[in-house]
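First the structure, in the form of structure tokens, and then the observations on it.
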Amino acid sequence: MASIVAVVGATGAVGEEMVQVLHDRKFPLSKLVLLASERSAGKKIQTAFGEMEVELFSVEAAQACDFVLMAVSGDFSKEFSPQIIANGKTVVIDNSSAFRYDEDIPLVVPEVNPAAMRGKLLIANPNCTTAIAAMALWPLHQKFTLRKVIMSTYQAASGAGAAGMIELEAGTRKGLNNEPVVNEVFAHPLPFNVIPHIDAFQSNGYTKEEMKVVWETQKIFGSKDIACSCTCVRIPTKRAHSEAITIETVEDITAEQAMEVLRNAPGVEVVDNPAEKLYPMPMTATRKYDVEVGRIRPSLVFQPKGLDLFVCGDQLLRGAALNAVLIAEAKLAEA
Ligand code: 2RA
């Protein structure tokens, strides 16, 4: 059944990708509406569907749709998402962190916990770092049961939106010209640097980005028993996040067994042939739907009950827009 879909925040990096993914996946649309606040309303933008005018957001305009994909700030979503779903029919898929930790709101990666959103109108999209890791970790959890997840990330500029990518590109040019590199989006200049600071520091010394991995992995996997710890680092790449992950499992696990499981997992591409210099990289994972997984080897600390692996996924796709559209597709199938 064809649906009316709105993308709210279509002029941002995630919103733009949502429109592109709806187009590329041939989502059954009867109408696509681009909604935004007064600042962007009236703008004409080029999309995969041709030139489209951005319309002014209102609750009524959103309620006229079957699906509303929110690519806006948490504050905006917190105010308006509950108002939109009050009509009892419009499905809101929210990319912000506004509702991710509410017990009653499902936090969904469709390949992992689609049942959580059955009958629900407001669904939260996970943080990109979690969503990318979940693709590799879930199939391993199902077969070998995760006990511990220890992760270090290498996160691209796109995580900070279009402004982050622009700051990286402009700063890199300036750096190469020996001009001073200024930073507004990132805590420090990002070109030629790595910054172990994404989002706000919490009272336990971890950043919110790091705690999101912990909270969200446990919620999506439905298990508080998985102990997680994470260090999140921004690096000067453009739009694919990388993650070095160590797992400890309840069951014995070998690299070959893990590879076999991951080769059959949806949304995963095993790229693991070191002899041929084949392993996941942001350069090859960019603009791919699948998450690349490789460097799979027994953990020197936890073997025979543990592995080390490296994961790369497109932050704007798997980490945001693709996951949101897959949620919408799963809701359609539910209807
Ligand atoms: C980042 N995870 O990379 C954030 C974006 N959601 O900054």
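Labels used: A, B, ... for chains in the order of the structure tokens, numbers from 1 for residues in each chain, and numbers from 1 for ligands as shown.
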
Could you list, as a ChimeraX atom specification, all protein and nucleic acid residues with an atom at most 9 Å from ligand 1, counting only C-alpha atoms and all ligand atoms? /A:95-97,126-130,155-161,164,198-199,209,212,232-234,241,315-316,319-320

How would the residues just picked look written out with N, CA and C atoms as a short mmCIF file (atom, residue, chain, number, x, y, z; two decimals), in the first residue's frame?
data_model
loop_
_atom_site.label_atom_id
_atom_site.label_comp_id
_atom_site.auth_asym_id
_atom_site.auth_seq_id
_atom_site.Cartn_x
_atom_site.Cartn_y
_atom_site.Cartn_z
N ASN A 95 15.05 10.17 14.74
CA ASN A 95 16.48 9.93 14.73
C ASN A 95 17.21 10.60 15.89
N SER A 96 16.52 11.36 16.70
CA SER A 96 17.20 12.04 17.81
C SER A 96 17.28 11.10 19.03
N SER A 97 17.95 11.59 20.07
CA SER A 97 18.06 10.75 21.27
C SER A 97 16.92 11.03 22.26
N PRO A 126 18.34 4.23 16.68
CA PRO A 126 19.50 4.30 17.58
C PRO A 126 20.56 5.28 17.11
N ASN A 127 21.47 5.59 18.01
CA ASN A 127 22.66 6.34 17.64
C ASN A 127 23.46 5.53 16.63
N CYS A 128 24.11 6.24 15.71
CA CYS A 128 24.83 5.57 14.62
C CYS A 128 25.87 4.57 15.11
N THR A 129 26.59 4.92 16.15
CA THR A 129 27.67 4.06 16.65
C THR A 129 27.10 2.72 17.09
N THR A 130 25.97 2.77 17.78
CA THR A 130 25.33 1.54 18.25
C THR A 130 24.77 0.73 17.08
N GLN A 155 35.33 7.80 14.63
CA GLN A 155 34.08 8.31 14.07
C GLN A 155 34.30 9.48 13.10
N ALA A 156 33.54 9.40 12.02
CA ALA A 156 33.70 10.36 10.93
C ALA A 156 33.04 11.71 11.27
N ALA A 157 33.43 12.71 10.50
CA ALA A 157 32.91 14.07 10.68
C ALA A 157 31.40 14.14 10.47
N SER A 158 30.85 13.27 9.63
CA SER A 158 29.41 13.32 9.33
C SER A 158 28.55 13.15 10.55
N GLY A 159 29.10 12.54 11.61
CA GLY A 159 28.34 12.38 12.84
C GLY A 159 27.91 13.71 13.41
N ALA A 160 28.63 14.76 13.05
CA ALA A 160 28.26 16.11 13.50
C ALA A 160 27.47 16.83 12.40
N GLY A 161 26.93 16.10 11.45
CA GLY A 161 26.07 16.68 10.43
C GLY A 161 26.85 17.34 9.31
N GLY A 164 29.74 19.52 10.19
CA GLY A 164 30.95 18.81 10.56
C GLY A 164 31.78 18.45 9.33
N ILE A 198 33.40 13.01 22.12
CA ILE A 198 32.19 13.19 21.31
C ILE A 198 31.01 13.29 22.26
N ASP A 199 30.30 14.39 22.19
CA ASP A 199 29.17 14.69 23.08
C ASP A 199 29.69 15.02 24.49
N GLU A 209 28.21 9.99 24.23
CA GLU A 209 28.32 9.11 23.06
C GLU A 209 28.75 7.70 23.49
N LYS A 212 25.88 6.02 25.28
CA LYS A 212 24.82 5.61 24.35
C LYS A 212 25.06 4.18 23.88
N CYS A 232 34.97 6.66 22.56
CA CYS A 232 34.58 7.21 21.26
C CYS A 232 35.55 8.32 20.84
N VAL A 233 36.03 8.22 19.62
CA VAL A 233 37.05 9.13 19.13
C VAL A 233 36.64 9.66 17.75
N ARG A 234 36.75 10.95 17.58
CA ARG A 234 36.47 11.56 16.26
C ARG A 234 37.77 11.58 15.46
N HIS A 241 31.80 5.42 10.03
CA HIS A 241 32.39 5.20 11.35
C HIS A 241 33.08 3.83 11.37
N GLN A 315 27.87 6.06 8.33
CA GLN A 315 27.19 6.68 9.48
C GLN A 315 25.83 7.25 9.09
N LEU A 316 25.75 7.83 7.89
CA LEU A 316 24.49 8.46 7.49
C LEU A 316 23.46 7.43 7.03
N GLY A 319 23.79 4.05 10.01
CA GLY A 319 23.73 4.72 11.30
C GLY A 319 22.56 5.67 11.46
N ALA A 320 21.77 5.88 10.41
CA ALA A 320 20.68 6.86 10.53
C ALA A 320 19.58 6.59 9.49
#

Every residue of region 72-274 of chain A that DSSP places in helix (DSSP H, G or I), as a PyMOL selection string: chain A and resi 74-85+114-117+128-144+157-176+208-221+255-263+274

Skip region 247-263 of chain A itself and residues of its chain fewer than 3 positions away, then list as a list in words all residues within 7 Å of it, counting only C-alpha atoms.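 Final neighbour list, sorted by chain and number: Ala136, Pro139, Leu140, Phe144, Thr145, Leu146, Arg147, Lys148, Val149, Ile150, Val268, Glu269, Val270, Ile296, Arg297, Pro298, Phe302, Pro304, Lys305, Gly306, Leu307 and Asp308 of chain A.
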
Since we have the selection now, will you write its residues out, keeping C-alpha atoms, as an mmCIF file, in the first residue's frame?
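Dumped everything to part.cif:
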data_model
loop_
_atom_site.group_PDB
_atom_site.id
_atom_site.type_symbol
_atom_site.label_atom_id
_atom_site.label_comp_id
_atom_site.auth_asym_id
_atom_site.auth_seq_id
_atom_site.Cartn_x
_atom_site.Cartn_y
_atom_site.Cartn_z
ATOM 1 C CA ALA A 136 27.934 -7.448 13.691
ATOM 2 C CA PRO A 139 24.346 -12.498 15.003
ATOM 3 C CA LEU A 140 27.293 -13.355 17.272
ATOM 4 C CA PHE A 144 27.566 -17.474 21.237
ATOM 5 C CA THR A 145 25.904 -15.119 23.837
ATOM 6 C CA LEU A 146 27.847 -11.942 24.533
ATOM 7 C CA ARG A 147 29.143 -11.446 28.040
ATOM 8 C CA LYS A 148 31.343 -8.375 27.443
ATOM 9 C CA VAL A 149 31.735 -5.819 24.646
ATOM 10 C CA ILE A 150 34.736 -3.485 24.705
ATOM 11 C CA VAL A 268 26.749 -7.600 6.987
ATOM 12 C CA GLU A 269 29.557 -7.991 4.465
ATOM 13 C CA VAL A 270 32.540 -9.977 5.689
ATOM 14 C CA ILE A 296 38.175 -11.365 12.913
ATOM 15 C CA ARG A 297 40.588 -13.183 15.230
ATOM 16 C CA PRO A 298 40.604 -14.888 18.617
ATOM 17 C CA PHE A 302 39.491 -13.976 26.231
ATOM 18 C CA PRO A 304 38.574 -19.508 23.522
ATOM 19 C CA LYS A 305 35.596 -17.389 24.573
ATOM 20 C CA GLY A 306 36.361 -14.151 22.791
ATOM 21 C CA LEU A 307 37.199 -12.364 19.566
ATOM 22 C CA ASP A 308 38.598 -9.123 18.223
#

Work out how far apart CA of Arg173 (chain A) and CA of Ala10 (chain A) are and give it in Å to one decimal.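 CA of Arg173 (chain A) sits 27.9 Å away from CA of Ala10 (chain A).
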
DSSP-assigned strand (DSSP E) members of region 14-226 of chain A, reported as a ChimeraX atom specification: /A:29-36,44-47,50-53,55-56,67-70,91-94,122-124,146-154

Region 26-39 of chain A environment, 10 Å, only C-alpha atoms, sequence neighbours closer than 5 positions dropped, as a PyMOL selection string: chain A and resi 1-12+15-16+19-21+45+49+52-58+61-62+65-72+76+325-326+328-329+332

Selection to disk with N, CA and C atoms, as a compact mmCIF listing (two decimals), in the first residue's frame:
# COMPACT_ATOMS: atom_id res chain seq x y z
N MET A 1 0.85 -1.20 0.00
CA MET A 1 0.00 0.00 0.00
C MET A 1 0.88 1.25 0.00
N ALA A 2 0.62 2.17 -0.92
CA ALA A 2 1.45 3.38 -1.00
C ALA A 2 1.13 4.32 0.15
N SER A 3 2.15 5.01 0.64
CA SER A 3 2.00 5.84 1.84
C SER A 3 2.41 7.28 1.57
N ILE A 4 1.86 8.16 2.40
CA ILE A 4 2.33 9.55 2.41
C ILE A 4 3.42 9.63 3.47
N VAL A 5 4.59 10.10 3.06
CA VAL A 5 5.74 10.16 3.97
C VAL A 5 6.24 11.59 4.06
N ALA A 6 6.53 12.02 5.29
CA ALA A 6 7.18 13.32 5.48
C ALA A 6 8.58 13.10 6.02
N VAL A 7 9.52 13.89 5.52
CA VAL A 7 10.84 13.96 6.14
C VAL A 7 10.94 15.33 6.77
N VAL A 8 11.14 15.35 8.08
CA VAL A 8 11.26 16.64 8.78
C VAL A 8 12.75 16.87 9.02
N GLY A 9 13.25 17.98 8.48
CA GLY A 9 14.69 18.25 8.55
C GLY A 9 15.39 17.77 7.30
N ALA A 10 14.71 17.87 6.17
CA ALA A 10 15.22 17.30 4.91
C ALA A 10 16.43 18.05 4.37
N THR A 11 16.73 19.23 4.92
CA THR A 11 17.89 19.97 4.40
C THR A 11 19.17 19.59 5.15
N GLY A 12 19.07 18.79 6.21
CA GLY A 12 20.26 18.34 6.94
C GLY A 12 20.86 17.10 6.30
N GLY A 15 18.56 14.01 6.88
CA GLY A 15 17.31 14.17 6.15
C GLY A 15 17.50 13.96 4.65
N GLU A 16 18.59 14.52 4.15
CA GLU A 16 18.90 14.38 2.72
C GLU A 16 19.06 12.89 2.36
N VAL A 19 15.70 10.95 2.18
CA VAL A 19 15.01 11.12 0.90
C VAL A 19 15.65 10.22 -0.16
N GLN A 20 16.97 10.20 -0.17
CA GLN A 20 17.69 9.39 -1.15
C GLN A 20 17.38 7.90 -0.96
N VAL A 21 17.35 7.45 0.30
CA VAL A 21 17.10 6.02 0.57
C VAL A 21 15.66 5.66 0.20
N ILE A 45 14.93 22.48 -2.97
CA ILE A 45 16.15 21.67 -2.93
C ILE A 45 16.10 20.57 -3.98
N PHE A 49 14.11 12.81 -6.28
CA PHE A 49 12.78 12.89 -6.91
C PHE A 49 12.63 14.15 -7.75
N MET A 52 12.35 19.90 -5.15
CA MET A 52 11.18 19.91 -4.25
C MET A 52 11.25 21.14 -3.35
N GLU A 53 10.07 21.65 -3.00
CA GLU A 53 10.02 22.80 -2.10
C GLU A 53 9.81 22.30 -0.67
N VAL A 54 10.57 22.88 0.24
CA VAL A 54 10.43 22.53 1.65
C VAL A 54 9.25 23.31 2.21
N GLU A 55 8.34 22.59 2.88
CA GLU A 55 7.14 23.24 3.42
C GLU A 55 7.30 23.47 4.92
N LEU A 56 6.51 24.40 5.42
CA LEU A 56 6.59 24.74 6.84
C LEU A 56 6.02 23.60 7.69
N PHE A 57 6.77 23.19 8.70
CA PHE A 57 6.29 22.12 9.59
C PHE A 57 5.11 22.60 10.41
N SER A 58 4.10 21.76 10.53
CA SER A 58 3.06 21.97 11.53
C SER A 58 2.61 20.58 11.95
N ALA A 61 0.21 19.25 9.40
CA ALA A 61 0.83 18.76 8.15
C ALA A 61 1.45 17.39 8.37
N ALA A 62 2.07 17.19 9.53
CA ALA A 62 2.69 15.89 9.81
C ALA A 62 1.61 14.81 10.01
N CYS A 65 0.19 12.65 7.25
CA CYS A 65 1.06 11.63 6.65
C CYS A 65 0.91 10.29 7.37
N ASP A 66 1.30 9.21 6.64
CA ASP A 66 1.32 7.89 7.28
C ASP A 66 2.59 7.71 8.09
N PHE A 67 3.71 8.21 7.54
CA PHE A 67 5.00 8.11 8.22
C PHE A 67 5.65 9.48 8.30
N VAL A 68 6.24 9.79 9.44
CA VAL A 68 7.04 11.01 9.58
C VAL A 68 8.43 10.58 10.03
N LEU A 69 9.43 10.88 9.20
CA LEU A 69 10.81 10.59 9.56
C LEU A 69 11.42 11.86 10.11
N MET A 70 11.80 11.83 11.37
CA MET A 70 12.30 13.03 12.05
C MET A 70 13.81 13.05 12.01
N ALA A 71 14.39 14.05 11.35
CA ALA A 71 15.85 14.24 11.36
C ALA A 71 16.12 15.64 11.92
N VAL A 72 15.70 15.80 13.15
CA VAL A 72 15.73 17.13 13.79
C VAL A 72 16.34 17.00 15.19
N PHE A 76 13.17 19.49 19.50
CA PHE A 76 12.05 19.61 18.55
C PHE A 76 11.22 18.33 18.58
N VAL A 325 14.43 4.11 7.38
CA VAL A 325 13.57 3.65 6.28
C VAL A 325 13.25 2.16 6.44
N LEU A 326 14.22 1.38 6.94
CA LEU A 326 13.95 -0.04 7.17
C LEU A 326 12.88 -0.22 8.24
N ALA A 328 10.43 1.88 8.72
CA ALA A 328 9.17 2.19 8.03
C ALA A 328 8.71 1.00 7.19
N GLU A 329 9.67 0.36 6.50
CA GLU A 329 9.31 -0.80 5.68
C GLU A 329 8.75 -1.93 6.56
N LEU A 332 5.27 -1.13 7.56
CA LEU A 332 4.33 -1.37 6.45
C LEU A 332 3.97 -2.86 6.37

Excluding Ala321 (chain A) and residues on its chain fewer than 6 positions from it, collect all residues at most 6 Å away from it, counting only C-alpha atoms, and give them as a PyMOL selection string. chain A and resi 14+17-18

When you draw a straight line from CA of Lys89 (chain A) to CA of Ile327 (chain A), how long is it in Å? 15.7 Å

For Glu169 (chain A), which residue among A:Asp225, A:Ser40, A:Thr207, A:Thr237 is the nearest when counting only C-alpha atoms? A:Thr237

I'd like the contact shell of Ala124 (chain A) - 7 Å cut-off, only C-alpha atoms, skipping same-chain residues fewer than 2 positions apart - returned as an mmCIF file with C-alpha atoms, in the first residue's frame.
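Wrote it out as result.cif, contents follow:
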data_model
loop_
_atom_site.group_PDB
_atom_site.id
_atom_site.type_symbol
_atom_site.label_atom_id
_atom_site.label_comp_id
_atom_site.auth_asym_id
_atom_site.auth_seq_id
_atom_site.Cartn_x
_atom_site.Cartn_y
_atom_site.Cartn_z
ATOM 1 C CA ILE A 93 10.458 7.435 13.413
ATOM 2 C CA ASP A 94 12.754 9.695 15.374
ATOM 3 C CA ASN A 95 16.483 9.927 14.731
ATOM 4 C CA PHE A 99 13.043 9.014 23.358
ATOM 5 C CA ARG A 100 15.735 6.337 23.054
ATOM 6 C CA ILE A 105 9.411 3.677 23.362
ATOM 7 C CA PRO A 106 10.974 0.948 21.222
ATOM 8 C CA LEU A 107 14.564 1.497 20.092
ATOM 9 C CA VAL A 108 14.876 -0.533 16.934
ATOM 10 C CA LEU A 122 6.626 6.364 18.008
ATOM 11 C CA PRO A 126 19.499 4.297 17.581
#

Take CA of Asn204 (chain A) and CA of Ala98 (chain A) and report the distance between them in Å, one decimal.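 A separation of 21.1 Å between them.
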
Which is closest to Ser229 (chain A) among A:Leu322, A:Val181, A:Ala162, A:Met151, if we use only C-alpha atoms?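 Of the candidates, the smallest distance to Ser229 (chain A) is held by A:Met151.
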
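Shortest atom-to-atom contact with Tyr101 (chain A) among A:Glu167, A:Glu216, A:Asp272, A:Glu179: A:Glu216, counting only C-alpha atoms.
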